[in-house]
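Below you'll find the structure, written out as structure tokens, and then a few comments.
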Amino acid sequence: MLPVAILAGDWRRGFRPATEKIPKSLLEVNGEPFIAHQLRLLKAGGVFAGGVVRGIFGEMVRDVVKNGHAFGLDVHYSLTGRLLEPRER
């Protein structure tokens with residue numbers, strides 16, 4: 001299985017004003033954050049581990065996804081190009 005990375009941060013221009021205080025990956029789609037749908041699709045596709053490359057509001061994404069175990073995945077994070085361990089909660 002190839003490594004997988006989700007890009008979860010950018011400049012938020014296209015979804016303003018909804019993204020002035022939260023990242024696009026946390027906008028709700030059918031009652032839950034968009035990133036939750038992405039993570040479940042990865043799991044369904046056979047992925048068991050991956051990385052989330054965070055940008056602006058990255059801590060908010062990490063606070064929602066945590067270590068990824070709720071989605072059946074092992075998620076790690078990158079803020080500056082190096083993988084970081086998930087925060088235990």
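Ordering of the structure tokens sets the chain letters (A, B, ...); residue numbers start at 1 within each chain; ligands are numbered from 1 in the order shown.
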
For this session: Give me the residues within 9 Å of Ile22 of chain A as a PyMOL selection string, counting only C-alpha atoms and dropping any in the same chain fewer than 3 places off.
Result: chain A and resi 12+18-19+25-27+56-57+60-61

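Neighbours of Val4 of chain A closer than or equal to 10 Å, with only C-alpha atoms counted and sequence neighbours fewer than 3 positions away skipped, come out as Met1, Leu7, Leu42, Val47, Phe48, Ala49, Gly50, Gly51, Val52 and Val75 of chain A.
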
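Going from atom CA of Val65 of chain A over to atom CA of Lys24 of chain A, you cover 13.9 Å.
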